[in-house]
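Have a look at coords_38.cif below; it lists mmCIF, C-alpha atoms and all ligand atoms.
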data_protein
loop_
_atom_site.label_atom_id
_atom_site.label_comp_id
_atom_site.auth_asym_id
_atom_site.auth_seq_id
_atom_site.Cartn_x
_atom_site.Cartn_y
_atom_site.Cartn_z
CA MET A 1 0.00 0.00 0.00
CA LYS A 2 1.37 3.41 -0.84
CA ARG A 3 2.40 5.78 1.96
CA VAL A 4 0.94 9.30 2.00
CA PHE A 5 2.11 12.16 4.23
CA SER A 6 0.90 15.73 4.47
CA GLY A 7 0.89 18.54 6.99
CA ILE A 8 -0.72 21.78 8.02
CA LYS A 9 0.92 24.67 9.84
CA PRO A 10 -0.77 26.27 12.89
CA THR A 11 0.06 29.87 12.02
CA GLY A 12 -3.54 31.07 11.73
CA HIS A 13 -7.13 29.88 11.57
CA LEU A 14 -7.60 27.28 8.84
CA THR A 15 -9.17 28.51 5.64
CA LEU A 16 -11.34 27.36 2.77
CA GLY A 17 -8.08 27.21 0.77
CA ASN A 18 -6.63 24.66 3.21
CA TYR A 19 -9.83 22.65 3.04
CA LEU A 20 -10.38 22.60 -0.73
CA GLY A 21 -6.69 22.47 -1.63
CA ALA A 22 -5.71 19.73 0.80
CA MET A 23 -7.80 18.54 3.77
CA ARG A 24 -10.88 17.47 1.86
CA ARG A 25 -8.91 15.13 -0.35
CA TRP A 26 -7.06 13.72 2.66
CA SER A 27 -10.33 12.59 4.18
CA ALA A 28 -12.27 11.71 1.02
CA VAL A 29 -9.51 9.85 -0.82
CA ASP A 30 -6.10 9.48 0.78
CA GLN A 31 -7.04 7.93 4.11
CA HIS A 32 -9.03 5.24 2.26
CA GLU A 33 -6.50 4.47 -0.46
CA ALA A 34 -3.20 4.74 1.37
CA ASP A 35 -1.36 4.23 4.60
CA ALA A 36 -1.67 7.92 5.41
CA LEU A 37 -0.23 10.27 8.03
CA PHE A 38 -1.45 13.82 8.64
CA CYS A 39 0.49 16.14 10.84
CA VAL A 40 0.00 19.48 12.57
CA VAL A 41 3.45 20.88 11.86
CA ASP A 42 3.89 23.07 14.91
CA LEU A 43 7.69 23.37 14.64
CA HIS A 44 7.12 25.15 11.33
CA ALA A 45 4.97 27.75 13.12
CA LEU A 46 8.04 28.93 15.05
CA THR A 47 9.80 30.20 11.93
CA VAL A 48 8.10 33.61 12.11
CA ASP A 49 7.29 35.96 14.97
CA HIS A 50 4.90 33.94 17.17
CA ASP A 51 3.04 34.00 20.44
CA PRO A 52 3.60 30.69 22.34
CA GLY A 53 0.06 30.48 23.70
CA ARG A 54 -1.44 31.18 20.30
CA VAL A 55 0.62 28.48 18.60
CA ARG A 56 -0.54 26.00 21.24
CA ARG A 57 -4.19 26.98 20.80
CA LEU A 58 -3.97 26.91 17.02
CA SER A 59 -2.27 23.52 17.08
CA ARG A 60 -5.10 22.06 19.14
CA GLN A 61 -7.65 23.73 16.90
CA ALA A 62 -5.97 22.48 13.71
CA ALA A 63 -5.92 18.91 15.04
CA THR A 64 -9.59 19.18 16.01
CA LEU A 65 -10.48 20.53 12.57
CA LEU A 66 -8.62 17.73 10.83
CA LEU A 67 -10.82 15.26 12.68
CA ALA A 68 -13.90 17.42 12.06
CA ALA A 69 -13.08 17.37 8.35
CA GLY A 70 -13.39 13.59 8.42
CA LEU A 71 -9.95 12.19 9.19
CA ASP A 72 -10.62 8.94 11.01
CA PRO A 73 -7.93 7.70 13.40
CA ARG A 74 -8.97 4.12 12.59
CA LEU A 75 -7.96 4.74 8.96
CA CYS A 76 -5.01 7.10 9.23
CA THR A 77 -2.49 8.55 11.68
CA VAL A 78 -3.07 12.09 12.98
CA PHE A 79 -0.37 13.65 15.14
CA VAL A 80 1.61 16.74 16.09
CA GLN A 81 5.09 17.18 14.63
CA SER A 82 6.86 18.19 17.87
CA HIS A 83 5.63 14.99 19.56
CA VAL A 84 7.87 12.93 17.29
CA ASP A 85 11.56 13.79 17.73
CA GLU A 86 12.54 12.06 14.50
CA HIS A 87 11.51 15.12 12.43
CA ALA A 88 14.05 17.40 14.09
CA ARG A 89 16.70 14.66 14.20
CA LEU A 90 16.43 14.02 10.50
CA SER A 91 16.19 17.69 9.63
CA TYR A 92 19.75 18.25 10.86
CA LEU A 93 21.11 15.46 8.67
CA LEU A 94 19.33 16.89 5.65
CA GLU A 95 20.85 20.32 6.39
CA CYS A 96 24.14 18.57 5.74
CA VAL A 97 22.92 17.53 2.28
CA ALA A 98 20.95 20.59 1.08
CA THR A 99 22.71 23.86 0.19
CA ASP A 100 22.09 27.43 1.24
CA GLY A 101 21.65 28.38 -2.44
CA GLU A 102 18.75 25.95 -2.72
CA MET A 103 17.11 27.45 0.36
CA ARG A 104 17.49 31.03 -0.87
CA ARG A 105 15.78 30.16 -4.16
CA MET A 106 12.54 29.08 -2.46
CA ILE A 107 9.69 31.43 -3.43
CA GLN A 108 7.99 31.20 -0.02
CA TYR A 109 11.26 32.04 1.73
CA LYS A 110 11.77 35.09 -0.48
CA GLU A 111 8.20 36.30 0.09
CA ARG A 112 8.13 35.71 3.85
CA ALA A 113 11.62 37.09 4.43
CA ALA A 114 10.69 40.22 2.47
CA ALA A 115 7.51 40.61 4.53
CA GLU A 116 9.43 40.23 7.82
CA ARG A 117 11.99 42.82 6.74
CA ALA A 118 9.28 45.21 5.54
CA ARG A 119 7.78 45.03 9.03
CA GLY A 120 11.15 45.99 10.44
CA GLY A 121 11.70 42.52 11.89
CA SER A 122 14.58 40.13 11.41
CA VAL A 123 14.48 36.84 9.57
CA ARG A 124 14.80 33.73 11.71
CA LEU A 125 17.36 31.21 10.52
CA SER A 126 14.63 28.55 10.76
CA LEU A 127 12.68 30.38 8.04
CA LEU A 128 15.59 29.73 5.69
CA THR A 129 15.88 26.07 6.68
CA TYR A 130 12.09 25.51 6.71
CA PRO A 131 12.09 23.39 3.52
CA VAL A 132 14.65 21.01 5.02
CA LEU A 133 12.42 20.34 8.02
CA MET A 134 9.56 19.80 5.58
CA ALA A 135 11.74 17.35 3.64
CA ALA A 136 12.44 15.54 6.92
CA ASP A 137 8.69 15.33 7.64
CA ILE A 138 8.15 13.64 4.32
CA LEU A 139 11.26 11.47 4.03
CA ALA A 140 11.14 10.05 7.57
CA TYR A 141 8.08 8.02 6.61
CA GLY A 142 9.12 6.57 3.25
CA THR A 143 6.39 8.70 1.70
CA ASP A 144 5.30 7.94 -1.87
CA GLU A 145 2.79 10.79 -2.28
CA VAL A 146 2.37 14.25 -0.79
CA PRO A 147 -1.13 15.67 -1.37
CA VAL A 148 -0.90 19.48 -1.20
CA GLY A 149 -2.17 22.67 -2.78
CA ASP A 150 0.03 23.95 -5.59
CA ASP A 151 1.90 26.50 -3.43
CA GLN A 152 3.86 23.57 -1.94
CA THR A 153 5.13 22.14 -5.22
CA GLN A 154 8.54 23.79 -5.03
CA HIS A 155 9.11 22.47 -1.51
CA VAL A 156 8.27 18.92 -2.57
CA GLU A 157 10.60 19.27 -5.58
CA LEU A 158 13.37 20.23 -3.18
CA THR A 159 12.51 17.21 -1.01
CA ARG A 160 12.96 14.99 -4.07
CA ASP A 161 16.33 16.55 -4.88
CA VAL A 162 17.56 16.10 -1.31
CA ALA A 163 16.37 12.47 -1.21
CA VAL A 164 18.10 11.63 -4.49
CA ARG A 165 21.32 13.32 -3.38
CA PHE A 166 21.35 11.56 0.00
CA ASN A 167 20.71 8.19 -1.66
CA GLN A 168 23.48 8.75 -4.21
CA ARG A 169 26.05 9.79 -1.62
CA TYR A 170 25.27 7.49 1.27
CA GLY A 171 23.30 4.58 -0.16
CA ARG A 172 19.61 4.11 -0.77
CA THR A 173 17.80 5.28 2.37
CA PHE A 174 14.82 7.39 1.24
CA VAL A 175 11.85 6.92 -1.06
CA VAL A 176 11.64 9.77 -3.59
CA PRO A 177 8.12 11.21 -3.19
CA ARG A 178 5.79 12.78 -5.73
CA THR A 179 3.21 15.56 -5.32
CA THR A 180 -0.53 15.25 -5.90
CA HIS A 181 -2.96 18.17 -6.28
CA PRO A 182 -6.76 18.34 -6.34
CA GLU A 183 -8.29 18.70 -9.82
CA VAL A 184 -9.90 22.03 -8.97
CA ALA A 185 -9.06 24.53 -6.24
CA ALA A 186 -5.36 23.65 -6.02
CA ARG A 187 -4.90 27.40 -5.46
CA VAL A 188 -7.86 29.24 -3.93
CA MET A 189 -7.29 32.97 -4.19
CA ASN A 190 -8.01 35.82 -1.75
CA LEU A 191 -11.53 37.19 -2.38
CA GLN A 192 -10.34 40.80 -2.04
CA ASP A 193 -7.15 40.31 -4.05
CA PRO A 194 -7.64 37.43 -6.45
CA THR A 195 -4.07 37.63 -7.68
CA SER A 196 -2.77 36.40 -4.33
CA LYS A 197 -3.40 33.14 -2.48
CA MET A 198 -6.05 32.88 0.24
CA GLY A 199 -3.62 32.44 3.14
CA LYS A 200 -4.35 31.74 6.81
CA SER A 201 -1.58 34.02 8.01
CA ASP A 202 -3.26 37.06 6.41
CA ASP A 203 -5.25 37.76 9.51
CA VAL A 204 -7.16 40.50 7.77
CA GLY A 205 -10.49 38.82 7.33
CA PRO A 206 -12.59 40.02 4.40
CA GLY A 207 -10.78 38.18 1.60
CA VAL A 208 -10.33 34.94 3.54
CA VAL A 209 -13.08 32.44 4.36
CA TYR A 210 -12.17 30.62 7.57
CA LEU A 211 -13.49 27.13 8.24
CA LEU A 212 -15.13 28.33 11.44
CA ASP A 213 -16.75 31.47 9.97
CA GLU A 214 -20.48 31.73 10.67
CA PRO A 215 -22.69 31.13 7.58
CA GLU A 216 -23.65 34.83 7.53
CA THR A 217 -19.99 35.88 7.54
CA VAL A 218 -19.21 33.45 4.72
CA ARG A 219 -22.08 34.85 2.66
CA LYS A 220 -21.00 38.44 3.28
CA LYS A 221 -17.39 37.75 2.32
CA ILE A 222 -18.36 36.00 -0.90
CA MET A 223 -21.03 38.55 -1.90
CA ARG A 224 -18.41 41.28 -1.42
CA ALA A 225 -15.68 39.46 -3.36
CA VAL A 226 -13.85 41.63 -5.85
CA THR A 227 -14.93 40.81 -9.38
CA ASP A 228 -13.39 41.93 -12.64
CA SER A 229 -14.29 44.71 -15.00
CA GLY A 230 -16.77 43.53 -17.62
CA SER A 231 -19.89 41.65 -16.73
CA GLU A 232 -19.68 38.40 -18.64
CA VAL A 233 -19.10 35.28 -16.55
CA VAL A 234 -16.11 33.48 -18.08
CA HIS A 235 -13.36 31.29 -16.68
CA ASP A 236 -10.02 32.88 -17.54
CA ARG A 237 -7.50 33.00 -14.67
CA GLU A 238 -5.32 35.61 -16.33
CA ALA A 239 -7.91 38.07 -17.59
CA ARG A 240 -10.66 37.42 -15.00
CA PRO A 241 -8.99 36.26 -11.78
CA GLY A 242 -11.88 37.27 -9.47
CA VAL A 243 -14.66 35.54 -11.36
CA SER A 244 -12.46 32.53 -12.14
CA ASN A 245 -11.71 32.11 -8.44
CA LEU A 246 -15.43 32.08 -7.62
CA LEU A 247 -16.11 29.58 -10.41
CA GLU A 248 -13.39 27.31 -9.06
CA ILE A 249 -14.68 27.53 -5.50
CA LEU A 250 -18.19 26.75 -6.77
CA ALA A 251 -16.93 23.82 -8.85
CA ALA A 252 -14.96 22.45 -5.90
CA CYS A 253 -17.93 22.74 -3.53
CA ALA A 254 -20.89 21.84 -5.74
CA GLY A 255 -19.21 19.68 -8.41
CA GLY A 256 -18.74 20.40 -12.10
CA ASP A 257 -16.16 22.06 -14.25
CA PRO A 258 -15.43 25.79 -13.80
CA LYS A 259 -15.46 26.49 -17.53
CA GLU A 260 -18.80 24.76 -18.05
CA LEU A 261 -20.33 26.34 -14.96
CA ALA A 262 -19.47 29.79 -16.36
CA GLY A 263 -21.98 29.23 -19.17
CA ALA A 264 -24.80 28.85 -16.64
CA TYR A 265 -24.50 32.41 -15.28
CA GLU A 266 -25.58 35.73 -16.71
CA THR A 267 -24.55 37.88 -13.77
CA TYR A 268 -21.85 38.05 -11.13
CA GLY A 269 -24.54 38.38 -8.45
CA ALA A 270 -26.12 35.01 -9.26
CA LEU A 271 -22.70 33.34 -9.35
CA LYS A 272 -21.81 34.82 -5.96
CA LYS A 273 -25.06 33.72 -4.41
CA ASP A 274 -24.68 30.11 -5.57
CA THR A 275 -21.03 30.06 -4.55
CA ALA A 276 -21.90 31.34 -1.07
CA ASP A 277 -24.64 28.71 -0.68
CA ALA A 278 -22.29 25.94 -1.84
CA VAL A 279 -19.53 26.98 0.56
CA VAL A 280 -21.94 27.21 3.50
CA GLU A 281 -23.17 23.68 2.74
CA VAL A 282 -19.64 22.29 2.52
CA LEU A 283 -18.63 23.90 5.82
CA ARG A 284 -21.78 22.96 7.73
CA PRO A 285 -20.88 19.33 8.63
CA VAL A 286 -17.28 20.28 9.44
CA GLN A 287 -18.45 22.99 11.84
CA ARG A 288 -21.00 20.67 13.45
CA LYS A 289 -18.39 17.96 14.04
CA HIS A 290 -15.92 20.57 15.30
CA LYS A 291 -18.40 21.69 17.92
CA GLU A 292 -18.93 18.08 19.07
CA LEU A 293 -15.19 17.47 19.29
CA CYS A 294 -14.61 20.66 21.27
CA ALA A 295 -16.91 19.21 23.92
CA ASP A 296 -14.60 16.18 24.20
CA PRO A 297 -11.02 17.45 24.35
CA ALA A 298 -9.83 14.23 26.00
CA TYR A 299 -10.78 12.32 22.85
CA VAL A 300 -8.70 14.64 20.65
CA GLU A 301 -5.76 14.38 23.05
CA GLY A 302 -6.01 10.59 22.99
CA VAL A 303 -5.99 10.54 19.19
CA LEU A 304 -2.88 12.71 19.13
CA ARG A 305 -1.11 10.60 21.76
CA GLU A 306 -1.75 7.37 19.89
CA GLY A 307 -0.96 9.04 16.58
CA ALA A 308 2.44 10.18 17.85
CA GLU A 309 3.24 6.69 19.14
CA LYS A 310 2.41 5.15 15.77
CA ALA A 311 4.31 7.85 13.87
CA ARG A 312 7.40 7.38 16.05
CA GLU A 313 7.42 3.64 15.36
CA MET A 314 7.15 4.31 11.65
CA ALA A 315 9.84 7.00 11.46
CA ARG A 316 12.50 5.67 13.81
CA PRO A 317 13.99 2.81 11.73
CA ARG A 318 14.50 5.00 8.67
CA VAL A 319 15.94 7.92 10.62
CA ASP A 320 18.28 5.52 12.47
CA ALA A 321 19.33 4.10 9.11
CA ALA A 322 20.08 7.63 7.85
CA TYR A 323 22.26 8.26 10.96
CA ARG A 324 24.29 5.15 10.22
CA ALA A 325 24.49 5.80 6.48
CA ILE A 326 25.82 9.34 6.86
CA GLY A 327 28.67 8.23 9.13
CA LEU A 328 27.54 8.68 12.73
CA LEU A 329 28.74 6.18 15.31
CA PRO A 330 25.86 4.07 16.66
CA ALA A 331 25.16 4.66 20.35
CA GLY A 332 25.44 0.89 20.94
P1 LIG B 401 0.00 25.27 4.93
O1 LIG B 401 -0.25 25.08 6.38
O2 LIG B 401 0.25 26.63 4.43
O3 LIG B 401 -1.22 24.69 4.13
C1 LIG B 401 -1.74 23.38 4.36
C2 LIG B 401 -2.24 22.81 3.04
O4 LIG B 401 -3.24 23.66 2.49
C3 LIG B 401 -2.88 24.03 1.16
N1 LIG B 401 -3.32 25.40 0.90
C4 LIG B 401 -4.05 25.77 -0.15
N2 LIG B 401 -4.55 25.07 -1.19
C5 LIG B 401 -5.27 25.76 -2.09
N3 LIG B 401 -5.51 27.09 -2.00
C6 LIG B 401 -5.03 27.83 -1.00
N4 LIG B 401 -5.29 29.13 -0.91
C7 LIG B 401 -4.26 27.17 0.00
N5 LIG B 401 -3.64 27.59 1.14
C8 LIG B 401 -3.06 26.49 1.67
C9 LIG B 401 -1.36 23.93 1.12
O5 LIG B 401 -0.88 23.76 -0.20
C10 LIG B 401 -1.12 22.72 1.99
O6 LIG B 401 -1.27 21.53 1.26
N6 LIG B 401 4.74 23.84 4.28
C11 LIG B 401 3.38 23.37 4.45
C12 LIG B 401 3.19 22.47 5.64
C13 LIG B 401 4.07 21.28 5.67
C14 LIG B 401 3.93 20.12 4.88
C15 LIG B 401 4.96 19.24 5.31
C16 LIG B 401 3.06 19.76 3.85
C17 LIG B 401 5.13 21.08 6.51
N7 LIG B 401 5.66 19.86 6.30
C18 LIG B 401 5.14 18.00 4.71
C19 LIG B 401 3.24 18.51 3.28
C20 LIG B 401 4.25 17.64 3.69
C21 LIG B 401 2.48 24.57 4.66
O7 LIG B 401 2.91 25.62 5.03
O8 LIG B 401 1.15 24.29 4.45
#
For this file, produce the structure as structure tokens.
Ligand code: TYM
Amino acid sequence: MKRVFSGIKPTGHLTLGNYLGAMRRWSAVDQHEADALFCVVDLHALTVDHDPGRVRRLSRQAATLLLAAGLDPRLCTVFVQSHVDEHARLSYLLECVATDGEMRRMIQYKERAAAERARGGSVRLSLLTYPVLMAADILAYGTDEVPVGDDQTQHVELTRDVAVRFNQRYGRTFVVPRTTHPEVAARVMNLQDPTSKMGKSDDVGPGVVYLLDEPETVRKKIMRAVTDSGSEVVHDREARPGVSNLLEILAACAGGDPKELAGAYETYGALKKDTADAVVEVLRPVQRKHKELCADPAYVEGVLREGAEKAREMARPRVDAAYRAIGLLPAG
């Protein structure tokens, strides 16, 4: 059975982009077809200015939302990254294989580092080495497939390069993983600025639909989405990014193909209304389950404890093998 690994970073409230681009597929497809692990990658949340209490709260919330979105601990492994030491252990070895030039070429590093500097802050070293820790997440488990939204493609490419290089230098240790993306909504865009991604760290609300937004808030945000000049409903990401984004969200939530759906609408208003209804319907069961799970925090904690135990068992032999292969003396 193939091995699937993916992760989500607790740097903000989870969004419709996270759900449509990644989480929904994890629960609808991956956990049924693969030996799958899903991880709240809390170490990654420390790479930018953070509040310790907030990271803890968001980590718990992200884990609860993963279960609310349908991940079933009987079918897959759900855990928190910092509970399994193997990620950090392996990350250091991979830092000895990757180069600083590779890190500096990463688009997300360039964007985030520029944003930190613009705010007058400094750039944490861990922001630069972020992709190596992500490679460790993936490679520790012998992962075949990494289901992600398309903003993570470059990081998974780097993971492949690092795996191939390690294997060539030190002997075959890692599986070289491939990326998978959803057919639609691999990149959900911000409703107020449809040329940039809907991101959870943009804590300015109106362009971002959060998974826990009330139905009325979701409707308002979608009805107020920026649309393009012209009035014809067509799917063209370049020329009509706003309308195309809505068509893709609608297609992802209600089914169908964004280009074909475009033909069914005469006005932006009608498209927005149907999109809002479809999103509210998709979020409803997730929100209901989230509420139930919040009433039973001991259950969520238990899932994470067992998940970490299972993950540790899975990761340790390969990480130990990497320690030996690279030249470290076994502890005996
Ligand atoms: P993160 O936390 O930013 O996002 C989690 C998942 O959601 C997807 N996603 C989107 N998809 C479509 N449209 C959007 N607007 C959108 N926003 C987010 C992301 O592509 C991702 O699949 N570096 C990763 C976390 C990570 C990871 C890993 C992922 C750490 N280690 C190992 C896979 C494997 C990240 O920041 O995702």
Residues up to 6 Å from ligand LIG 401 (chain B), counting all atoms listed in the file: could you list those as a VMD selection string? chain A and resid 5 to 9 17 to 18 21 to 22 41 134 137 to 138 146 148 to 152 185 to 189 197 to 199
Closest atom pairs, residues of stretch 114-176 of chain A within 9 Å of stretch 86-110 of chain A, all atoms listed in the file, as CSV:
residue,atom,partner,partner_atom,distance
A:Ala114,CA,A:Lys110,CA,6.0
A:Ala115,CA,A:Lys110,CA,8.6
A:Leu127,CA,A:Tyr109,CA,6.7
A:Leu128,CA,A:Met103,CA,6.0
A:Thr129,CA,A:Met103,CA,6.6
A:Tyr130,CA,A:Tyr109,CA,8.3
A:Pro131,CA,A:Met103,CA,7.2
A:Val132,CA,A:Ser91,CA,5.9
A:Leu133,CA,A:Ser91,CA,4.9
A:Met134,CA,A:Ser91,CA,8.1
A:Ala135,CA,A:Ser91,CA,7.5
A:Ala136,CA,A:Ser91,CA,5.1
A:Asp137,CA,A:His87,CA,5.6
A:Ile138,CA,A:His87,CA,8.9
A:Leu139,CA,A:Leu90,CA,8.7
A:Ala140,CA,A:His87,CA,7.0
A:Asp151,CA,A:Gln108,CA,8.4
A:Gln152,CA,A:Gln108,CA,8.9
A:Gln154,CA,A:Met106,CA,7.1
A:His155,CA,A:Met106,CA,7.5
A:Leu158,CA,A:Glu102,CA,7.9
A:Asp161,CA,A:Ala98,CA,8.6
A:Val162,CA,A:Ala98,CA,6.1
A:Ala163,CA,A:Leu94,CA,8.7
A:Arg165,CA,A:Val97,CA,7.2
A:Phe166,CA,A:Val97,CA,6.6
I need the residue nearest A:Trp26 from this list: A:Glu145, A:Glu111, A:Glu301, A:Asp257. Use only C-alpha atoms for the distance. A:Glu145
Give me the residues near A:Asp236 as a PyMOL selection string, where near means some atom within 12 Å (using all atoms listed in the file) and where sequence neighbours in that chain fewer than 3 positions away do not count. chain A and resi 228+232-233+239-248+258-260+262
Include C-alpha atoms and write out the residues we just selected as a tab-separated table (two decimals), in the frame of the given file.
chain	number	residue	atom	x	y	z
A	228	ASP	CA	-13.39	41.93	-12.64
A	232	GLU	CA	-19.68	38.40	-18.64
A	233	VAL	CA	-19.10	35.28	-16.55
A	239	ALA	CA	-7.91	38.07	-17.59
A	240	ARG	CA	-10.66	37.42	-15.00
A	241	PRO	CA	-8.99	36.26	-11.78
A	242	GLY	CA	-11.88	37.27	-9.47
A	243	VAL	CA	-14.66	35.54	-11.36
A	244	SER	CA	-12.46	32.53	-12.14
A	245	ASN	CA	-11.71	32.11	-8.44
A	246	LEU	CA	-15.43	32.08	-7.62
A	247	LEU	CA	-16.11	29.58	-10.41
A	248	GLU	CA	-13.39	27.31	-9.06
A	258	PRO	CA	-15.43	25.79	-13.80
A	259	LYS	CA	-15.46	26.49	-17.53
A	260	GLU	CA	-18.80	24.76	-18.05
A	262	ALA	CA	-19.47	29.79	-16.36
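Taking only C-alpha atoms into account, A:Leu58 lies nearest to A:Val80 out of the set A:Val80, A:Tyr323, A:Leu16, A:Tyr141.
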What is the atom CA of A:Gln31-atom CA of A:Pro147 distance in Å, reported with one decimal? 11.2 Å
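Atom CA of A:Ile249 to atom CA of A:Arg288 spans 21.1 Å [interatomic distance, one decimal].
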Just the number, please: distance in Å from atom CA of A:Phe79 to atom CA of A:Glu33, one decimal. 19.1 Å
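The list of residues with at least one atom within 10 Å of A:Ala63, based on all atoms listed in the file and without residues fewer than 6 positions apart in the same chain, reads Ile8, Pro10, Phe38, Cys39, Val40, Ala69, Leu71, Val78, Phe79, Val80, Val300, Glu301, Val303 and Leu304 of chain A.
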